[in-house]
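Q: What follows is the file run_12.csv, containing CSV, C-alpha atoms:
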```csv
chain,number,residue,atom,x,y,z
A,1,MET,CA,-11.7,13.9,27.6
A,2,THR,CA,-13.9,15.4,24.8
A,3,ASP,CA,-12.5,15.0,21.3
A,4,PRO,CA,-11.8,18.6,20.0
A,5,THR,CA,-11.8,17.5,16.4
A,6,PRO,CA,-15.0,18.5,14.6
A,7,ALA,CA,-17.2,15.6,13.5
A,8,ALA,CA,-17.2,16.9,9.9
A,9,THR,CA,-13.4,16.8,9.9
A,10,ARG,CA,-13.4,13.2,11.1
A,11,ARG,CA,-15.9,12.1,8.5
A,12,HIS,CA,-14.3,13.8,5.5
A,13,PRO,CA,-11.5,11.2,4.8
A,14,LEU,CA,-14.1,8.5,5.3
A,15,LEU,CA,-16.3,10.1,2.7
A,16,VAL,CA,-13.4,10.4,0.4
A,17,ALA,CA,-12.6,6.7,1.0
A,18,ALA,CA,-16.2,5.7,0.2
A,19,ALA,CA,-16.2,7.7,-3.0
A,20,ALA,CA,-12.8,6.3,-4.1
A,21,THR,CA,-14.0,2.8,-3.4
A,22,LEU,CA,-17.1,3.3,-5.5
A,23,LEU,CA,-15.0,4.8,-8.3
A,24,VAL,CA,-12.5,2.0,-8.5
A,25,ALA,CA,-15.1,-0.7,-8.1
A,26,GLY,CA,-17.0,0.8,-11.0
A,27,LEU,CA,-13.8,1.0,-13.1
A,28,SER,CA,-12.9,-2.6,-12.1
A,29,TYR,CA,-16.2,-4.0,-13.3
A,30,GLY,CA,-16.8,-1.6,-16.2
A,31,LEU,CA,-13.5,-1.7,-18.0
A,32,PRO,CA,-12.2,-4.7,-20.1
A,33,ASP,CA,-10.1,-7.1,-18.1
A,34,SER,CA,-7.0,-6.0,-20.1
A,35,SER,CA,-7.2,-2.4,-18.9
A,36,ALA,CA,-9.1,-2.7,-15.5
A,37,ALA,CA,-6.0,-2.7,-13.3
A,38,THR,CA,-4.6,0.4,-15.1
A,39,GLY,CA,-8.0,2.1,-14.8
A,40,VAL,CA,-8.2,1.4,-11.1
A,41,GLY,CA,-4.6,2.7,-10.6
A,42,LEU,CA,-5.3,5.9,-12.5
A,43,GLY,CA,-8.5,6.3,-10.4
A,44,PHE,CA,-6.6,6.1,-7.1
A,45,LEU,CA,-3.9,8.5,-8.4
A,46,ALA,CA,-6.6,11.0,-9.6
A,47,VAL,CA,-8.3,11.0,-6.2
A,48,THR,CA,-5.0,11.3,-4.4
A,49,TRP,CA,-4.1,14.3,-6.5
A,50,LEU,CA,-7.5,16.0,-5.9
A,51,VAL,CA,-7.5,15.6,-2.1
A,52,ALA,CA,-3.8,15.8,-1.3
A,53,LEU,CA,-1.7,17.4,-4.0
A,54,ARG,CA,-3.9,19.7,-6.1
A,55,ARG,CA,-3.1,22.8,-4.1
A,56,ASP,CA,0.6,22.6,-5.0
A,57,VAL,CA,1.5,24.0,-1.5
A,58,PRO,CA,5.1,23.4,-0.3
A,59,GLY,CA,5.0,20.8,2.5
A,60,ASP,CA,1.7,19.1,1.4
A,61,SER,CA,3.5,16.2,-0.4
A,62,ALA,CA,5.8,15.7,2.6
A,63,HIS,CA,2.9,15.7,5.1
A,64,PHE,CA,1.1,13.0,3.2
A,65,GLY,CA,4.4,11.0,2.6
A,66,LEU,CA,4.2,11.6,-1.1
A,67,SER,CA,7.4,13.4,-1.8
A,68,LEU,CA,9.2,10.3,-3.2
A,69,GLY,CA,12.6,11.9,-3.0
A,70,GLY,CA,11.3,15.2,-4.2
A,71,LEU,CA,9.6,13.8,-7.3
A,72,LEU,CA,6.2,15.2,-6.3
A,73,ASP,CA,7.4,18.3,-4.5
A,74,PRO,CA,6.8,21.7,-6.1
A,75,VAL,CA,10.6,22.4,-6.2
A,76,PRO,CA,13.4,21.6,-8.6
A,77,LEU,CA,14.5,17.9,-8.5
A,78,GLU,CA,17.7,17.0,-6.6
A,79,PRO,CA,19.2,13.8,-8.1
A,80,ARG,CA,21.3,13.1,-4.9
A,81,ARG,CA,18.2,13.4,-2.7
A,82,MET,CA,16.2,11.1,-5.0
A,83,ALA,CA,19.0,8.5,-5.1
A,84,ARG,CA,19.5,8.7,-1.3
A,85,ASP,CA,15.8,8.4,-0.5
A,86,SER,CA,15.4,5.6,-3.0
A,87,LEU,CA,18.2,3.6,-1.4
A,88,VAL,CA,16.9,4.1,2.1
A,89,ALA,CA,13.4,3.0,1.0
A,90,LEU,CA,14.8,0.0,-0.7
A,91,GLY,CA,16.8,-0.9,2.4
A,92,TRP,CA,13.8,-0.7,4.6
A,93,ALA,CA,11.7,-2.8,2.2
A,94,LEU,CA,14.3,-5.5,1.9
A,95,GLY,CA,14.9,-5.6,5.6
A,96,VAL,CA,11.2,-6.1,6.4
A,97,ALA,CA,10.9,-8.6,3.6
A,98,ALA,CA,13.8,-10.6,5.0
A,99,VAL,CA,12.0,-10.8,8.3
A,100,LEU,CA,8.4,-11.5,7.2
A,101,PHE,CA,8.7,-13.5,3.9
A,102,PRO,CA,10.0,-16.7,5.5
A,103,PRO,CA,7.1,-17.0,8.0
A,104,PHE,CA,4.6,-15.9,5.3
A,105,TRP,CA,5.9,-18.8,3.1
A,106,LEU,CA,5.4,-21.3,5.9
A,107,GLY,CA,1.9,-19.9,6.7
A,108,TRP,CA,1.0,-19.9,3.0
A,109,VAL,CA,1.9,-23.6,2.6
A,110,LEU,CA,0.0,-24.5,5.8
A,111,TRP,CA,-3.1,-22.6,4.7
A,112,TRP,CA,-3.3,-23.6,1.0
A,113,LYS,CA,-1.8,-27.1,1.3
A,114,PRO,CA,-0.5,-27.2,-2.3
A,115,PRO,CA,-0.7,-30.6,-3.9
A,116,HIS,CA,2.5,-30.3,-5.8
A,117,GLU,CA,6.1,-30.2,-4.7
A,118,PHE,CA,8.0,-26.9,-4.7
A,119,ALA,CA,9.8,-26.2,-7.9
A,120,PRO,CA,11.2,-22.7,-8.2
A,121,ALA,CA,9.5,-20.7,-10.9
A,122,PRO,CA,11.4,-18.1,-13.0
A,123,PHE,CA,11.3,-14.7,-11.4
A,124,PRO,CA,9.0,-12.2,-13.1
A,125,ALA,CA,10.3,-10.3,-16.1
A,126,LEU,CA,11.5,-6.8,-15.3
A,127,GLY,CA,9.7,-5.0,-18.0
A,128,ASP,CA,6.4,-6.7,-17.4
A,129,GLU,CA,5.2,-7.8,-14.0
A,130,VAL,CA,7.8,-6.0,-11.8
A,131,MET,CA,7.1,-2.6,-13.4
A,132,GLY,CA,3.4,-3.3,-13.5
A,133,GLN,CA,3.3,-4.1,-9.8
A,134,LEU,CA,5.3,-1.0,-9.0
A,135,LEU,CA,3.6,1.6,-11.1
A,136,VAL,CA,0.1,0.2,-11.7
A,137,ILE,CA,-0.7,-1.6,-8.4
A,138,ALA,CA,1.6,-0.5,-5.5
A,139,LEU,CA,2.1,3.2,-6.3
A,140,PRO,CA,-1.6,4.1,-6.7
A,141,GLU,CA,-2.7,2.1,-3.7
A,142,GLU,CA,0.1,3.3,-1.4
A,143,ALA,CA,-0.4,6.9,-2.5
A,144,PHE,CA,-4.1,6.8,-1.6
A,145,TYR,CA,-4.3,4.4,1.4
A,146,ARG,CA,-1.1,5.1,3.2
A,147,GLY,CA,-0.3,8.5,1.8
A,148,TYR,CA,-3.6,10.4,1.9
A,149,LEU,CA,-6.1,8.2,3.8
A,150,GLN,CA,-4.0,7.0,6.8
A,151,THR,CA,-2.5,10.5,7.2
A,152,ALA,CA,-5.9,12.3,7.0
A,153,LEU,CA,-7.4,9.9,9.5
A,154,ASP,CA,-4.5,10.3,11.9
A,155,ASP,CA,-4.8,14.1,11.5
A,156,ALA,CA,-8.5,13.8,12.6
A,157,TRP,CA,-7.9,11.1,15.4
A,158,ALA,CA,-4.8,12.4,17.2
A,159,ALA,CA,-4.2,9.5,19.6
A,160,ARG,CA,-0.8,7.9,19.2
A,161,ARG,CA,1.0,4.8,20.5
A,162,ARG,CA,4.7,4.2,19.8
A,163,ILE,CA,5.3,0.7,18.3
A,164,LEU,CA,8.7,-0.4,17.0
A,165,GLY,CA,9.8,3.2,16.6
A,166,ALA,CA,6.6,4.5,14.9
A,167,ASP,CA,4.0,6.7,16.5
A,168,LEU,CA,0.9,5.0,15.3
A,169,GLY,CA,-2.7,6.2,15.5
A,170,PRO,CA,-6.1,4.8,14.8
A,171,GLY,CA,-5.7,5.8,11.2
A,172,LEU,CA,-3.5,2.7,10.7
A,173,LEU,CA,-6.3,0.3,11.6
A,174,ALA,CA,-9.0,2.2,9.8
A,175,ALA,CA,-7.0,2.7,6.6
A,176,SER,CA,-6.0,-1.0,6.6
A,177,ALA,CA,-9.6,-2.1,7.1
A,178,ILE,CA,-10.8,0.2,4.2
A,179,PHE,CA,-7.9,-1.1,2.1
A,180,ALA,CA,-9.2,-4.7,2.7
A,181,LEU,CA,-12.8,-3.7,1.9
A,182,GLY,CA,-11.7,-2.0,-1.2
A,183,HIS,CA,-10.1,-5.2,-2.4
A,184,LEU,CA,-13.3,-7.0,-1.6
A,185,ALA,CA,-15.3,-4.5,-3.6
A,186,THR,CA,-13.3,-5.0,-6.8
A,187,GLU,CA,-13.5,-8.8,-6.5
A,188,VAL,CA,-16.1,-10.5,-4.2
A,189,ASN,CA,-13.9,-13.1,-2.6
A,190,ALA,CA,-13.5,-13.4,1.2
A,191,ASN,CA,-9.8,-14.2,0.8
A,192,ARG,CA,-9.3,-10.7,-0.4
A,193,LEU,CA,-9.9,-9.4,3.1
A,194,ALA,CA,-6.5,-11.0,4.1
A,195,VAL,CA,-4.7,-7.9,2.7
A,196,PHE,CA,-5.7,-6.2,6.0
A,197,PHE,CA,-2.6,-7.8,7.6
A,198,PRO,CA,0.1,-6.7,5.2
A,199,ALA,CA,-1.6,-3.3,5.1
A,200,LEU,CA,-0.7,-3.0,8.8
A,201,VAL,CA,3.0,-3.5,7.9
A,202,PHE,CA,2.8,-1.0,5.0
A,203,GLY,CA,1.1,1.5,7.3
A,204,TRP,CA,3.8,1.0,10.0
A,205,LEU,CA,6.5,1.5,7.4
A,206,ARG,CA,4.8,4.7,6.1
A,207,VAL,CA,5.0,6.2,9.6
A,208,ARG,CA,8.4,4.8,10.5
A,209,THR,CA,10.0,6.1,7.3
A,210,ARG,CA,7.8,9.2,6.9
A,211,GLY,CA,7.0,8.4,3.3
A,212,ILE,CA,5.4,5.8,1.0
A,213,GLY,CA,8.6,4.8,-0.8
A,214,ALA,CA,9.4,1.8,1.5
A,215,PRO,CA,5.8,0.6,1.7
A,216,LEU,CA,5.4,1.0,-2.0
A,217,LEU,CA,8.4,-1.2,-2.7
A,218,LEU,CA,7.4,-3.8,0.0
A,219,HIS,CA,3.9,-3.9,-1.5
A,220,ALA,CA,5.2,-4.7,-4.9
A,221,MET,CA,7.7,-7.2,-3.6
A,222,SER,CA,4.9,-8.9,-1.5
A,223,ASN,CA,2.7,-9.3,-4.6
A,224,LEU,CA,5.5,-10.6,-6.7
A,225,PHE,CA,6.6,-13.1,-4.0
A,226,ALA,CA,3.0,-14.4,-3.6
A,227,THR,CA,2.8,-14.9,-7.3
A,228,TRP,CA,6.1,-16.6,-7.4
A,229,LEU,CA,4.9,-19.0,-4.6
A,230,VAL,CA,1.7,-19.8,-6.6
A,231,ARG,CA,3.7,-20.7,-9.7
A,232,SER,CA,6.4,-22.5,-7.8
A,233,TYR,CA,3.8,-24.9,-6.3
A,234,GLY,CA,2.1,-25.3,-9.7
A,235,LEU,CA,-1.1,-23.6,-8.7
A,236,GLY,CA,-1.2,-20.9,-11.4
A,237,ASN,CA,0.5,-19.4,-14.5
```
Mind turning this structure into structure tokens?

A:
Amino acid sequence: MTDPTPAATRRHPLLVAAAATLLVAGLSYGLPDSSAATGVGLGFLAVTWLVALRRDVPGDSAHFGLSLGGLLDPVPLEPRRMARDSLVALGWALGVAAVLFPPFWLGWVLWWKPPHEFAPAPFPALGDEVMGQLLVIALPEEAFYRGYLQTALDDAWAARRRILGADLGPGLLAASAIFALGHLATEVNANRLAVFFPALVFGWLRVRTRGIGAPLLLHAMSNLFATWLVRSYGLGN
């Protein structure tokens, strides 16, 4: 069957992704180390606003999974809805973490073969690393890659397959691959490409829950858990 989607429509999100990757790579290398992460995060948020939210059209934020309990909808805030959606997102994130973190821990130890015995490190301070991971890392990346990019690619490539309750399209694979390449662009290290695999989980969660709240929380939790493992095995500060 011939694909009815115009080629220009298929290319558009890929061109946006290429431009965003160049932008954040430039910010990553051009800004001081102390502000590079913040600059990259703001870059992703700016691109997401330009391509997904700038029109301020009712329904756009929901279509891209960017409502966040109504926070980004062009309507008055409803505290009950925000609280409900936040708790649902947290429940999904904790549930997936409970399933995936133990095998990830085992795989991490087998891969890195830490030379030191496990000694639990203190959990990150709430006001520093936790909020930094949520607002500076996870929110901008999930808003762009799972909110805008995966959605736009799935709009262009309409094929779907139902997996664990989510109707997934080729946008999941493409957005996850671009996510991995984006990480490689900001730090040339082949290990950075491994983020392709958690990106598949984040993308599945975005479709399954119809928003970026749950993948945002899981993304931050995953980064914090990995950091905690590194410190607990004496491999870093």

Q: I want to know what sits within 8 Å of A:Thr186, based on all atoms listed in the file, with residues of the same chain fewer than 6 positions away left out; could you give that as a PyMOL selection string?

A: chain A and resi 24-25+28-29

Q: Just C-alpha atoms for this one: save the residues we selected as a PDB file, in the frame of the given file.

A:
```pdb
ATOM      1  CA  VAL A  24     -12.500   2.000  -8.500  1.00  0.00           C
ATOM      2  CA  ALA A  25     -15.100  -0.700  -8.100  1.00  0.00           C
ATOM      3  CA  SER A  28     -12.900  -2.600 -12.100  1.00  0.00           C
ATOM      4  CA  TYR A  29     -16.200  -4.000 -13.300  1.00  0.00           C
TER       5      TYR A  29
END
```

Q: Set out as CSV a contact list for stretch 9-73 of chain A and stretch 132-149 of chain A with a cut-off of 12 Å, giving each residue of stretch 9-73 of chain A that qualifies its closest atom pair and distance in Å to one decimal, counting all atoms listed in the file, ordered by chain and rising residue number.

A:
```
residue,atom,partner,partner_atom,distance
A:Arg10,CA,A:Leu149,CA,11.5
A:Arg11,CA,A:Leu149,CA,11.5
A:His12,CA,A:Leu149,CA,10.1
A:Pro13,CA,A:Leu149,CA,6.3
A:Leu14,CA,A:Leu149,CA,8.1
A:Leu15,CA,A:Leu149,CA,10.4
A:Val16,CA,A:Leu149,CA,8.3
A:Ala17,CA,A:Leu149,CA,7.2
A:Ala18,CA,A:Leu149,CA,11.0
A:Ala20,CA,A:Phe144,CA,9.1
A:Thr21,CA,A:Phe144,CA,10.8
A:Val24,CA,A:Glu141,CA,10.9
A:Ser35,CA,A:Val136,CA,10.6
A:Ala36,CA,A:Val136,CA,10.4
A:Ala37,CA,A:Val136,CA,6.9
A:Thr38,CA,A:Val136,CA,5.8
A:Gly39,CA,A:Val136,CA,8.9
A:Val40,CA,A:Pro140,CA,8.4
A:Gly41,CA,A:Pro140,CA,5.1
A:Leu42,CA,A:Pro140,CA,7.1
A:Gly43,CA,A:Pro140,CA,8.1
A:Phe44,CA,A:Pro140,CA,5.4
A:Leu45,CA,A:Pro140,CA,5.2
A:Ala46,CA,A:Pro140,CA,9.0
A:Val47,CA,A:Phe144,CA,7.5
A:Thr48,CA,A:Phe144,CA,5.4
A:Trp49,CA,A:Phe144,CA,9.0
A:Leu50,CA,A:Tyr148,CA,10.4
A:Val51,CA,A:Tyr148,CA,7.6
A:Ala52,CA,A:Tyr148,CA,6.3
A:Leu53,CA,A:Tyr148,CA,9.3
A:Asp60,CA,A:Tyr148,CA,10.2
A:Ser61,CA,A:Gly147,CA,8.9
A:Ala62,CA,A:Gly147,CA,9.5
A:His63,CA,A:Gly147,CA,8.5
A:Phe64,CA,A:Gly147,CA,4.9
A:Gly65,CA,A:Gly147,CA,5.4
A:Leu66,CA,A:Gly147,CA,6.2
A:Ser67,CA,A:Gly147,CA,9.8
A:Leu68,CA,A:Ala143,CA,10.2
A:Leu72,CA,A:Ala143,CA,11.3
```

Q: Name the residues in contact with stretch 200-212 of chain A at a cut-off of 6 Å, using all atoms listed in the file, excluding same-chain residues fewer than 2 positions from it; report them as a PyMOL selection string.

A: chain A and resi 65+146+166+172+197-198+214-216

Q: Do you have the atom CA of A:Pro76-atom CA of A:Leu90 distance handy?

A: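 Those two atoms sit 23.0 Å apart.
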
Q: Check the smallest atom-to-atom distance from each of A:Ala174, A:Leu100, A:Ala121, A:Leu184 to A:Leu153 using all atoms listed in the file, then report the winner.

A: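 Of the candidates, the smallest distance to A:Leu153 is held by A:Ala174.
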
Q: Calculate how many Å separate atom CA of A:Ala199 from atom CA of A:Leu218, rounding to one decimal.

A: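 These two atoms are separated by 10.4 Å.
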
Q: What lies within 7 Å of A:Gly169 using only C-alpha atoms, ignoring chain neighbours under 4 positions off, as a PyMOL selection string?

A: chain A and resi 154+158-161

Q: In Å, with one decimal, what is the gap from atom CA of A:Ala175 to atom CA of A:Arg192?

A: 15.3 Å
